[in-house]
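Have a look at model_1.tsv below; it lists TSV, C-alpha atoms and all ligand atoms.
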chain	number	residue	atom	x	y	z
A	1	MET	CA	-6.03	3.54	-20.58
A	2	PHE	CA	-3.23	3.75	-17.99
A	3	ASP	CA	-3.87	7.54	-17.72
A	4	GLU	CA	-7.47	6.82	-16.81
A	5	ALA	CA	-6.56	5.05	-13.55
A	6	PRO	CA	-7.75	7.96	-11.29
A	7	ALA	CA	-11.13	8.12	-13.10
A	8	VAL	CA	-11.55	4.33	-12.90
A	9	LEU	CA	-10.57	4.45	-9.23
A	10	ALA	CA	-13.33	7.04	-8.68
A	11	VAL	CA	-15.90	4.53	-10.02
A	12	LEU	CA	-14.48	1.70	-7.87
A	13	THR	CA	-14.48	3.94	-4.80
A	14	ALA	CA	-18.07	5.11	-5.36
A	15	ARG	CA	-19.09	1.46	-5.75
A	16	ASP	CA	-17.23	0.42	-2.57
A	17	LEU	CA	-18.83	3.26	-0.61
A	18	ALA	CA	-22.29	2.18	-1.78
A	19	ASP	CA	-21.71	-1.56	-1.23
A	20	LEU	CA	-19.19	-1.81	1.64
A	21	GLY	CA	-19.48	1.57	3.35
A	22	ALA	CA	-15.76	2.33	2.85
A	23	PRO	CA	-13.27	2.36	-0.05
A	24	ASP	CA	-11.33	-0.88	-0.50
A	25	TYR	CA	-9.28	-0.10	-3.63
A	26	THR	CA	-6.34	2.30	-3.92
A	27	LEU	CA	-4.68	3.81	-6.98
A	28	SER	CA	-1.61	1.65	-6.27
A	29	ASP	CA	-3.79	-1.51	-6.14
A	30	LEU	CA	-5.25	-0.60	-9.51
A	31	ARG	CA	-1.86	0.15	-11.06
A	32	ASP	CA	-0.46	-3.12	-9.66
A	33	GLU	CA	-3.37	-5.01	-11.20
A	34	TRP	CA	-3.03	-3.28	-14.58
A	35	GLY	CA	0.68	-4.07	-14.64
A	36	LEU	CA	0.33	-7.83	-14.04
A	37	SER	CA	2.28	-9.88	-16.59
A	38	ASP	CA	-0.69	-12.21	-17.24
A	39	LEU	CA	-3.00	-9.27	-18.04
A	40	ASP	CA	-3.22	-7.42	-21.36
A	41	LEU	CA	-4.82	-4.13	-20.40
A	42	ALA	CA	-5.75	-3.34	-24.01
A	43	THR	CA	-7.95	-6.43	-24.34
A	44	ASP	CA	-8.77	-7.57	-20.77
A	45	ALA	CA	-10.26	-4.34	-19.38
A	46	VAL	CA	-12.81	-1.83	-20.65
A	47	VAL	CA	-14.45	1.41	-19.53
A	48	ALA	CA	-17.97	2.64	-20.25
A	49	GLU	CA	-18.26	6.37	-20.91
A	50	ALA	CA	-21.28	8.54	-20.14
A	51	PRO	CA	-22.41	10.99	-22.89
A	52	ASN	CA	-20.44	13.75	-21.10
A	53	GLY	CA	-17.26	11.68	-21.44
A	54	LYS	CA	-17.11	10.76	-17.73
A	55	ILE	CA	-16.26	7.15	-16.90
A	56	ALA	CA	-19.46	5.49	-15.71
A	57	GLY	CA	-18.41	1.83	-15.60
A	58	TYR	CA	-15.41	-0.47	-15.73
A	59	ALA	CA	-14.79	-4.18	-16.18
A	60	ILE	CA	-11.70	-6.37	-16.01
A	61	VAL	CA	-11.49	-10.08	-16.90
A	62	ARG	CA	-8.79	-11.91	-14.95
A	63	ARG	CA	-7.92	-15.49	-14.06
A	64	PRO	CA	-9.90	-15.47	-10.77
A	65	GLY	CA	-12.93	-13.97	-12.57
A	66	THR	CA	-14.49	-10.75	-13.77
A	67	LEU	CA	-15.04	-7.56	-11.80
A	68	ALA	CA	-17.56	-5.25	-13.46
A	69	VAL	CA	-18.79	-2.08	-11.77
A	70	VAL	CA	-21.18	0.75	-12.62
A	71	ALA	CA	-20.96	4.04	-10.72
A	72	PRO	CA	-24.08	4.38	-8.55
A	73	GLU	CA	-25.23	7.58	-10.34
A	74	HIS	CA	-25.16	5.76	-13.70
A	75	GLU	CA	-27.14	2.67	-12.67
A	76	GLY	CA	-30.36	1.73	-14.47
A	77	GLN	CA	-29.14	2.68	-17.96
A	78	GLY	CA	-28.10	-0.75	-19.26
A	79	ILE	CA	-24.36	-0.23	-18.65
A	80	GLY	CA	-24.09	-3.31	-16.40
A	81	THR	CA	-25.68	-5.49	-19.09
A	82	LYS	CA	-23.24	-4.19	-21.71
A	83	LEU	CA	-20.25	-4.80	-19.41
A	84	LEU	CA	-21.55	-8.31	-18.70
A	85	ARG	CA	-21.84	-9.12	-22.42
A	86	TRP	CA	-18.38	-7.69	-23.06
A	87	SER	CA	-16.82	-9.71	-20.21
A	88	GLU	CA	-18.47	-12.93	-21.43
A	89	GLN	CA	-17.11	-12.31	-24.92
A	90	ARG	CA	-13.62	-11.73	-23.49
A	91	ALA	CA	-13.83	-14.86	-21.30
A	92	ARG	CA	-14.81	-16.89	-24.40
A	93	GLU	CA	-11.84	-15.48	-26.32
A	94	GLN	CA	-9.63	-16.56	-23.41
A	95	GLY	CA	-11.04	-20.08	-23.73
A	96	ARG	CA	-12.61	-20.11	-20.25
A	97	PRO	CA	-15.05	-22.99	-19.64
A	98	ARG	CA	-17.29	-20.84	-17.43
A	99	TYR	CA	-18.04	-17.19	-16.76
A	100	ARG	CA	-17.23	-16.10	-13.25
A	101	GLN	CA	-18.33	-12.75	-11.79
A	102	TRP	CA	-17.39	-11.17	-8.45
A	103	ILE	CA	-19.92	-8.86	-6.83
A	104	ALA	CA	-20.29	-7.24	-3.43
A	105	ALA	CA	-22.90	-9.16	-1.42
A	106	ASN	CA	-24.86	-5.92	-0.90
A	107	ASN	CA	-25.07	-5.10	-4.61
A	108	HIS	CA	-28.64	-6.30	-5.20
A	109	ARG	CA	-28.89	-4.88	-8.72
A	110	ALA	CA	-25.80	-6.82	-9.79
A	111	ARG	CA	-27.22	-10.00	-8.27
A	112	GLU	CA	-30.52	-9.53	-10.11
A	113	LEU	CA	-28.68	-8.93	-13.38
A	114	LEU	CA	-26.59	-12.08	-12.98
A	115	VAL	CA	-29.44	-14.33	-11.86
A	116	GLY	CA	-31.56	-13.03	-14.74
A	117	ALA	CA	-28.71	-13.95	-17.11
A	118	GLY	CA	-28.62	-17.53	-15.82
A	119	TYR	CA	-25.80	-17.24	-13.29
A	120	GLU	CA	-25.80	-19.15	-9.99
A	121	HIS	CA	-24.16	-18.31	-6.70
A	122	ARG	CA	-21.14	-20.61	-6.29
A	123	ARG	CA	-19.31	-19.41	-3.19
A	124	SER	CA	-18.41	-16.29	-1.26
A	125	TYR	CA	-15.30	-14.67	0.11
A	126	TRP	CA	-15.33	-13.13	3.55
A	127	ARG	CA	-13.08	-10.24	4.44
A	128	MET	CA	-12.12	-10.95	8.05
A	129	THR	CA	-10.71	-8.43	10.48
A	130	ARG	CA	-9.43	-8.15	14.02
A	131	VAL	CA	-8.19	-5.26	16.09
A	132	LEU	CA	-4.56	-5.43	17.20
A	133	ASP	CA	-5.06	-3.50	20.38
A	134	ALA	CA	-1.88	-4.41	22.20
A	135	ALA	CA	1.18	-6.15	20.86
A	136	SER	CA	1.77	-7.70	24.27
A	137	SER	CA	-1.58	-9.52	24.26
A	138	LEU	CA	-0.32	-11.53	21.30
A	139	SER	CA	3.03	-12.45	22.76
A	140	ARG	CA	3.63	-16.10	23.50
A	141	ARG	CA	3.62	-15.67	27.27
A	142	ASP	CA	0.29	-13.81	27.45
A	143	ALA	CA	-1.67	-15.54	24.69
A	144	PRO	CA	-2.64	-19.09	25.55
A	145	GLU	CA	-3.95	-19.58	22.01
A	146	ALA	CA	-0.49	-18.99	20.53
A	147	PRO	CA	1.09	-22.44	20.33
A	148	ASP	CA	4.76	-23.30	20.17
A	149	LEU	CA	5.90	-24.74	16.88
A	150	PRO	CA	5.98	-28.54	17.04
A	151	SER	CA	9.46	-29.96	17.54
A	152	GLY	CA	11.55	-30.31	14.40
A	153	TYR	CA	10.12	-27.14	12.79
A	154	ARG	CA	11.96	-23.82	12.53
A	155	HIS	CA	10.69	-20.41	11.48
A	156	ARG	CA	12.38	-17.46	9.86
A	157	THR	CA	11.47	-14.28	8.01
A	158	LEU	CA	10.87	-14.83	4.29
A	159	ASP	CA	13.88	-14.16	2.05
A	160	VAL	CA	12.32	-13.26	-1.31
A	161	ALA	CA	15.36	-14.06	-3.45
A	162	ARG	CA	15.99	-17.39	-1.75
A	163	ASP	CA	12.42	-18.55	-1.06
A	164	GLY	CA	10.32	-16.97	-3.84
A	165	GLU	CA	10.21	-19.91	-6.26
A	166	THR	CA	9.88	-22.51	-3.48
A	167	VAL	CA	6.99	-20.60	-1.94
A	168	HIS	CA	5.32	-20.44	-5.36
A	169	ALA	CA	5.65	-24.23	-5.77
A	170	LEU	CA	4.36	-24.80	-2.22
A	171	ASP	CA	1.45	-22.40	-2.86
A	172	ASP	CA	0.37	-24.54	-5.84
A	173	ILE	CA	0.47	-27.67	-3.65
A	174	CYS	CA	-1.38	-26.02	-0.75
A	175	PHE	CA	-4.16	-24.53	-2.88
A	176	ALA	CA	-4.50	-27.47	-5.31
A	177	GLY	CA	-7.91	-28.36	-3.83
A	178	SER	CA	-9.24	-24.77	-3.74
A	179	SER	CA	-12.08	-23.90	-6.11
A	180	ASP	CA	-10.61	-20.70	-7.58
A	181	HIS	CA	-6.96	-21.71	-7.74
A	182	GLU	CA	-5.32	-22.08	-11.13
A	183	PRO	CA	-1.60	-22.85	-11.20
A	184	GLY	CA	0.34	-20.22	-13.12
A	185	PRO	CA	3.94	-19.33	-13.97
A	186	PHE	CA	6.30	-17.99	-11.29
A	187	GLU	CA	6.42	-14.53	-12.94
A	188	ALA	CA	2.65	-14.08	-12.58
A	189	PHE	CA	2.84	-15.20	-8.91
A	190	ALA	CA	5.78	-12.88	-8.23
A	191	ASP	CA	4.03	-9.93	-9.92
A	192	GLU	CA	0.88	-10.40	-7.93
A	193	HIS	CA	2.32	-11.27	-4.52
A	194	LEU	CA	6.06	-10.58	-4.19
A	195	ARG	CA	6.21	-7.34	-6.20
A	196	ALA	CA	2.93	-5.82	-4.98
A	197	HIS	CA	3.48	-2.22	-3.83
A	198	ASP	CA	2.26	-3.09	-0.32
A	199	PHE	CA	4.06	-6.47	0.09
A	200	ASP	CA	5.68	-6.58	3.52
A	201	PRO	CA	8.59	-9.04	3.60
A	202	THR	CA	9.34	-8.13	7.22
A	203	ALA	CA	6.04	-9.65	8.41
A	204	SER	CA	6.20	-12.58	5.95
A	205	LEU	CA	7.34	-15.92	7.30
A	206	VAL	CA	8.36	-19.41	6.30
A	207	ILE	CA	8.43	-22.63	8.32
A	208	GLU	CA	11.18	-25.15	7.61
A	209	ARG	CA	11.59	-28.78	8.45
A	210	GLY	CA	14.99	-30.11	7.50
A	211	ASP	CA	15.82	-28.30	4.27
A	212	GLU	CA	12.21	-28.18	3.03
A	213	LEU	CA	9.53	-25.52	3.43
A	214	ALA	CA	6.48	-26.77	5.34
A	215	GLY	CA	4.51	-23.50	5.44
A	216	TYR	CA	4.51	-19.82	4.50
A	217	LEU	CA	2.65	-16.59	5.13
A	218	LEU	CA	2.89	-13.56	2.84
A	219	ALA	CA	1.93	-10.25	4.42
A	220	ARG	CA	1.05	-6.77	3.18
A	221	ARG	CA	1.01	-3.46	4.96
A	222	TRP	CA	-1.56	-0.77	4.18
A	223	ARG	CA	0.33	2.13	5.69
A	224	GLY	CA	-2.34	4.83	5.36
A	225	GLU	CA	-4.88	2.64	7.12
A	226	SER	CA	-2.59	1.03	9.70
A	227	VAL	CA	-3.67	-2.41	8.53
A	228	GLY	CA	-1.63	-5.61	8.16
A	229	PHE	CA	-3.11	-7.90	5.52
A	230	VAL	CA	-2.46	-11.65	5.31
A	231	ASP	CA	-2.21	-12.14	1.55
A	232	LEU	CA	-1.42	-15.88	1.46
A	233	LEU	CA	-1.14	-18.59	4.10
A	234	GLY	CA	-0.45	-22.24	3.38
A	235	VAL	CA	0.84	-25.37	5.09
A	236	HIS	CA	1.97	-28.41	3.11
A	237	PRO	CA	-0.71	-31.15	3.37
A	238	GLN	CA	1.78	-33.49	5.10
A	239	HIS	CA	2.35	-30.96	7.88
A	240	ARG	CA	-1.22	-29.87	8.60
A	241	GLY	CA	-3.11	-30.35	11.86
A	242	ARG	CA	-0.07	-29.63	14.07
A	243	GLY	CA	-0.68	-25.97	14.80
A	244	ILE	CA	1.60	-24.52	12.11
A	245	GLY	CA	-1.14	-22.52	10.34
A	246	THR	CA	-2.28	-21.04	13.64
A	247	TRP	CA	1.30	-20.27	14.61
A	248	LEU	CA	1.94	-18.44	11.32
A	249	LEU	CA	-1.24	-16.39	11.68
A	250	LEU	CA	-0.61	-15.35	15.28
A	251	SER	CA	3.04	-14.59	14.54
A	252	ALA	CA	2.03	-12.29	11.68
A	253	PHE	CA	-0.43	-10.53	14.03
A	254	ALA	CA	2.38	-10.06	16.55
A	255	ARG	CA	4.66	-8.62	13.84
A	256	PHE	CA	1.92	-6.28	12.63
A	257	ALA	CA	1.28	-5.08	16.17
A	258	ALA	CA	5.00	-4.65	16.87
A	259	ALA	CA	5.19	-2.45	13.73
A	260	GLY	CA	2.46	-0.24	15.20
A	261	LEU	CA	-0.40	-1.49	13.00
A	262	ARG	CA	-3.82	-1.46	14.61
A	263	GLU	CA	-5.78	-3.97	12.56
A	264	ALA	CA	-5.27	-7.30	10.75
A	265	GLN	CA	-7.34	-8.34	7.73
A	266	LEU	CA	-7.51	-11.24	5.29
A	267	GLY	CA	-9.84	-12.85	2.77
A	268	VAL	CA	-11.18	-16.41	3.03
A	269	ALA	CA	-13.48	-18.53	0.89
A	270	SER	CA	-16.78	-19.69	2.38
A	271	ASP	CA	-15.96	-23.26	1.27
A	272	ASN	CA	-12.76	-23.33	3.35
A	273	PRO	CA	-14.13	-24.24	6.81
A	274	ARG	CA	-10.75	-25.27	8.21
A	275	ALA	CA	-9.20	-21.86	7.55
A	276	LEU	CA	-12.38	-20.10	8.76
A	277	ARG	CA	-12.19	-21.96	12.09
A	278	ILE	CA	-8.55	-20.94	12.59
A	279	TYR	CA	-9.35	-17.29	11.87
A	280	GLU	CA	-12.37	-17.21	14.17
A	281	ARG	CA	-10.36	-18.84	16.97
A	282	ALA	CA	-7.72	-16.13	16.41
A	283	GLY	CA	-10.36	-13.47	17.15
A	284	MET	CA	-11.22	-12.47	13.57
A	285	HIS	CA	-14.74	-11.40	12.53
A	286	PRO	CA	-16.37	-10.98	9.11
A	287	ARG	CA	-16.34	-7.39	7.85
A	288	PHE	CA	-17.91	-7.79	4.41
A	289	ARG	CA	-18.62	-10.45	1.81
A	290	SER	CA	-18.07	-10.81	-1.93
A	291	ASP	CA	-20.17	-13.33	-3.85
A	292	ILE	CA	-19.06	-15.37	-6.84
A	293	TYR	CA	-21.60	-16.15	-9.53
A	294	GLU	CA	-20.92	-18.53	-12.39
A	295	ARG	CA	-22.47	-20.01	-15.46
A	296	PRO	CA	-21.08	-22.30	-18.16
A	297	ALA	CA	-19.61	-20.41	-21.13
A	298	GLU	CA	-21.05	-20.84	-24.60
A	299	ALA	CA	-18.83	-22.36	-27.26
A	300	PRO	CA	-16.51	-19.71	-28.81
A	301	ASP	CA	-18.64	-19.46	-31.99
A	302	ALA	CA	-22.06	-19.54	-30.26
A	303	ARG	CA	-22.64	-15.76	-30.73
B	401	LIG	C1	-5.68	-23.54	6.35
B	401	LIG	C2	-4.28	-24.14	6.66
B	401	LIG	C3	-3.25	-23.02	6.43
B	401	LIG	C4	-4.25	-24.61	8.11
B	401	LIG	O1	-2.93	-25.04	8.43
B	401	LIG	P1	-2.68	-26.09	9.63
B	401	LIG	O2	-1.24	-26.06	9.91
B	401	LIG	O3	-3.30	-27.39	9.34
B	401	LIG	O4	-3.49	-25.36	10.80
B	401	LIG	P2	-3.53	-25.81	12.35
B	401	LIG	O5	-2.77	-27.06	12.52
B	401	LIG	O6	-3.14	-24.62	13.16
B	401	LIG	O7	-5.10	-26.07	12.58
B	401	LIG	C5	-5.77	-27.05	11.82
B	401	LIG	C6	-6.52	-28.00	12.74
B	401	LIG	O8	-5.59	-28.81	13.46
B	401	LIG	C7	-5.88	-28.72	14.85
B	401	LIG	N1	-4.61	-28.87	15.58
B	401	LIG	C8	-3.65	-27.93	15.72
B	401	LIG	N2	-2.65	-28.42	16.47
B	401	LIG	C9	-2.97	-29.69	16.76
B	401	LIG	C10	-2.33	-30.73	17.48
B	401	LIG	N3	-1.15	-30.54	18.05
B	401	LIG	N4	-2.98	-31.92	17.58
B	401	LIG	C11	-4.17	-32.12	17.02
B	401	LIG	N5	-4.82	-31.16	16.29
B	401	LIG	C12	-4.22	-29.97	16.19
B	401	LIG	C13	-6.51	-27.36	14.99
B	401	LIG	O9	-7.27	-27.27	16.18
B	401	LIG	C14	-7.36	-27.31	13.76
B	401	LIG	O10	-8.50	-28.11	13.98
B	401	LIG	P3	-9.92	-27.84	13.28
B	401	LIG	O11	-9.72	-28.07	11.81
B	401	LIG	O12	-10.82	-28.85	13.90
B	401	LIG	O13	-10.31	-26.43	13.59
B	401	LIG	C15	-3.96	-25.36	5.75
B	401	LIG	O14	-5.04	-26.28	5.89
B	401	LIG	C16	-3.79	-25.03	4.30
B	401	LIG	O15	-2.68	-24.74	3.84
B	401	LIG	N6	-4.89	-25.10	3.51
B	401	LIG	C17	-4.86	-24.81	2.08
B	401	LIG	C18	-4.55	-23.37	1.82
B	401	LIG	C19	-5.53	-22.48	2.53
B	401	LIG	O16	-6.72	-22.76	2.57
B	401	LIG	N7	-5.02	-21.37	3.08
B	401	LIG	C20	-5.85	-20.38	3.75
B	401	LIG	C21	-6.58	-19.58	2.73
B	401	LIG	S1	-7.50	-18.26	3.44

Represent the supplied structure as structure tokens.
Amino acid sequence: MFDEAPAVLAVLTARDLADLGAPDYTLSDLRDEWGLSDLDLATDAVVAEAPNGKIAGYAIVRRPGTLAVVAPEHEGQGIGTKLLRWSEQRAREQGRPRYRQWIAANNHRARELLVGAGYEHRRSYWRMTRVLDAASSLSRRDAPEAPDLPSGYRHRTLDVARDGETVHALDDICFAGSSDHEPGPFEAFADEHLRAHDFDPTASLVIERGDELAGYLLARRWRGESVGFVDLLGVHPQHRGRGIGTWLLLSAFARFAAAGLREAQLGVASDNPRALRIYERAGMHPRFRSDIYERPAEAPDAR
């Protein structure tokens, strides 16, 4: 299947154009995802072929949920239903207690299919964006919203070899209360975040207090699009409410802008109002939305 990445990307791109108005997936994103150590491509992903052999649909079942897409020109032929059944079967084999599907908010056919199959909307993820028009406007002196770090805290650029495992442990603590977070092994975390093709250690930061990490921000750089992406941001619960999260965000923006990037983006869950408030105060606006639909899984032998 690895050879089919360009054809699968074509389906994802056609879907993104129809639903979001612009492509959001790259070939490198797809290859990163297919290479994850907690994914078995042979059993966790599938393609649907049209009679002429062209790839018309694709589905992948991962820890955060299933993504299933049908190319717009192949809609209305039952492919989405077949991919849904296949993904439910795979989720049952993985022992998942519920089926979880990600769809673009504008994909009305997908929503109808899921609601008709008994799924309910659980939450959404917003892609937020802001223009980085001038690096200077984000510097400490000119940006009143950029706080100083509280006393006793130090910042430095992330050192992957030194900080990787500590950041992973802190990430599990920070996201323990988040709906879609499942703790996993360090290797899976490193594959997904620290070895991603677009990971940008130069814009990634940690905050220290004494010899402990109090916060972290992992950044990515989408060179072709001149975008800096905030992949993960977390502050230890004991250190929240002191401006550290805001400081990390604005510092990453300043690093993106200093590197010549023109836009910052990130994803945030609709049930995370604290993070949403920080992003809106930092000048970010919603660009598009993905919706998560769920329903309880049947017992493994129910079908
Ligand atoms: C989201 C998160 C990173 C915020 O970190 P934080 O360090 O608490 O963020 P800040 O301190 O900058 O802002 C949090 C609040 O404290 C307030 N605050 C900041 N400095 C303050 C100070 N000196 N005195 C009083 N309040 C202060 C902010 O105004 C903000 O208030 P609000 O919630 O009413 O909007 C943190 O809550 C977290 O790790 N959450 C779990 C992981 C997560 O959700 N990450 C983001 C995913 S997209």

Q: Name the closest residue to ligand LIG 401 (chain B) among the candidates A:Trp126, A:Phe175, A:Phe229, A:Tyr153; distances are taken between atoms, counting only C-alpha atoms and all ligand atoms.
A: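 Checking each of A:Trp126, A:Phe175, A:Phe229, A:Tyr153 against ligand LIG 401 (chain B), counting only C-alpha atoms and all ligand atoms, the winner is A:Phe175.
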
| A:Leu249, A:Leu261, A:Ala50, A:Leu114 ranked by distance to A:Met284, top pick (using all atoms listed in the file) |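 Checking each candidate against A:Met284, we get A:Leu249 as the closest.
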
Counting all atoms listed in the file, the residue among A:Glu49, A:Glu208, A:Glu4, A:Glu93 that lies closest to A:Leu30 is A:Glu4

What are the closest atom pairs, with distances in Å to one decimal, for each residue of chain A lying within 6 Å of ligand LIG 401 (chain B), using only C-alpha atoms and all ligand atoms, rows by chain and rising residue number, as a Markdown table?
| residue | atom | partner | partner_atom | distance |
| --- | --- | --- | --- | --- |
| A:Cys174 | CA | B:LIG401 | C17 | 4.6 |
| A:Phe175 | CA | B:LIG401 | C18 | 4.9 |
| A:Leu233 | CA | B:LIG401 | N7 | 4.9 |
| A:Gly234 | CA | B:LIG401 | O15 | 3.4 |
| A:Val235 | CA | B:LIG401 | O15 | 3.8 |
| A:His236 | CA | B:LIG401 | O15 | 6.0 |
| A:Arg240 | CA | B:LIG401 | O3 | 3.3 |
| A:Gly241 | CA | B:LIG401 | O8 | 3.3 |
| A:Arg242 | CA | B:LIG401 | N2 | 3.7 |
| A:Gly243 | CA | B:LIG401 | O6 | 3.3 |
| A:Ile244 | CA | B:LIG401 | O2 | 3.9 |
| A:Gly245 | CA | B:LIG401 | O2 | 3.6 |
| A:Thr246 | CA | B:LIG401 | O6 | 3.7 |
| A:Gly267 | CA | B:LIG401 | S1 | 5.9 |
| A:Val268 | CA | B:LIG401 | S1 | 4.1 |
| A:Arg274 | CA | B:LIG401 | O11 | 4.7 |
| A:Ala275 | CA | B:LIG401 | C1 | 4.1 |
| A:Arg277 | CA | B:LIG401 | O13 | 5.1 |
| A:Ile278 | CA | B:LIG401 | O13 | 5.9 |

- Option closest in space to A:Ala203, from A:Phe186, A:Phe256, A:Trp247, A:Tyr99 [counting only C-alpha atoms]: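 The closest residue to A:Ala203 is A:Phe256.
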
Please list as a list in words every residue within 10 Å of A:Ala18, counting only C-alpha atoms and excluding residues in the same chain fewer than 4 positions away.
Leu12, Thr13, Ala14, Ala22, Pro23, Ala71, Pro72, Ala104, Asn106 and Asn107 of chain A

Please provide as a compact mmCIF listing (two decimals) with C-alpha atoms, in the coordinates of the input all residues within 10 Å of A:Gln265, with the sequence filter that same-chain residues fewer than 2 positions apart are discarded (counting all atoms listed in the file).
# COMPACT_ATOMS: atom_id res chain seq x y z
CA ARG A 127 -13.08 -10.24 4.44
CA MET A 128 -12.12 -10.95 8.05
CA THR A 129 -10.71 -8.43 10.48
CA ARG A 130 -9.43 -8.15 14.02
CA VAL A 131 -8.19 -5.26 16.09
CA ARG A 220 1.05 -6.77 3.18
CA VAL A 227 -3.67 -2.41 8.53
CA GLY A 228 -1.63 -5.61 8.16
CA PHE A 229 -3.11 -7.90 5.52
CA VAL A 230 -2.46 -11.65 5.31
CA ASP A 231 -2.21 -12.14 1.55
CA PHE A 253 -0.43 -10.53 14.03
CA GLU A 263 -5.78 -3.97 12.56
CA GLY A 267 -9.84 -12.85 2.77
CA MET A 284 -11.22 -12.47 13.57
CA HIS A 285 -14.74 -11.40 12.53
CA PRO A 286 -16.37 -10.98 9.11
CA ARG A 287 -16.34 -7.39 7.85

Computed gap from atom CA of A:Val160 to atom CA of A:Ile173 is 18.8 Å

Can you tell me, as a ChimeraX atom specification, which residues sit within 8 Å of (3.6, -21.0, -6.4) in the file's frame, using all atoms listed in the file?
/A:165-173,183-186,189

Which residue, A:Leu9, A:Leu218, A:Val115, A:Ala297, has the smallest gap to A:Asp159 when you use all atoms listed in the file?
->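 Residue with the minimum atom-to-atom distance to A:Asp159: A:Leu218.
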
Around (-21.6, -16.9, -10.2), as given in the file, which residues come within 8 Å? Count only C-alpha atoms and list them as number ranges by chain. A: 99-102, 114, 119-123, 291-295

Residues within 9 Å of A:Ala91, please, as a list in words. Count all atoms listed in the file; anything in the same chain fewer than 6 positions from it doesn't count.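 Here the qualifying residues turn out to be Asp44, Val61, Arg62, Gly65, Thr66, Pro97, Arg98, Tyr99, Arg100 and Ala297 of chain A.
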
Practice prompt. For atom CA of A:Gly118 and atom CA of A:Arg85, quote the distance in Å rounded to one decimal.
Written response: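 Pair atom CA of A:Gly118 / atom CA of A:Arg85 returns 12.7 Å.
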
Distance criterion (all atoms listed in the file): nearest to A:Thr202 out of A:Thr157, A:Asp16, A:Gln238, A:Glu112: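 Under the stated criterion, the closest residue is A:Thr157.
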
In Å and to one decimal, atom CA of A:Tyr125 is distant from atom CA of A:Gly283 by 17.8 Å

Could the centre and edge lengths of an axis-aligned box, enclosing all atoms of stretch 268-280 of chain A in the file with 8 Å extra on each side, be given in Å to one decimal as AutoDock Vina command-line options?
--center_x -12.7 --center_y -20.8 --center_z 7.5 --size_x 24.2 --size_y 24.9 --size_z 29.3

Q) Hey, what's within 10 Å of A:Val47 if we count only C-alpha atoms and toss same-chain stuff fewer than 6 positions away? As a PyMOL selection string, please? A) chain A and resi 1+4+7-8+54-60+68-70+83
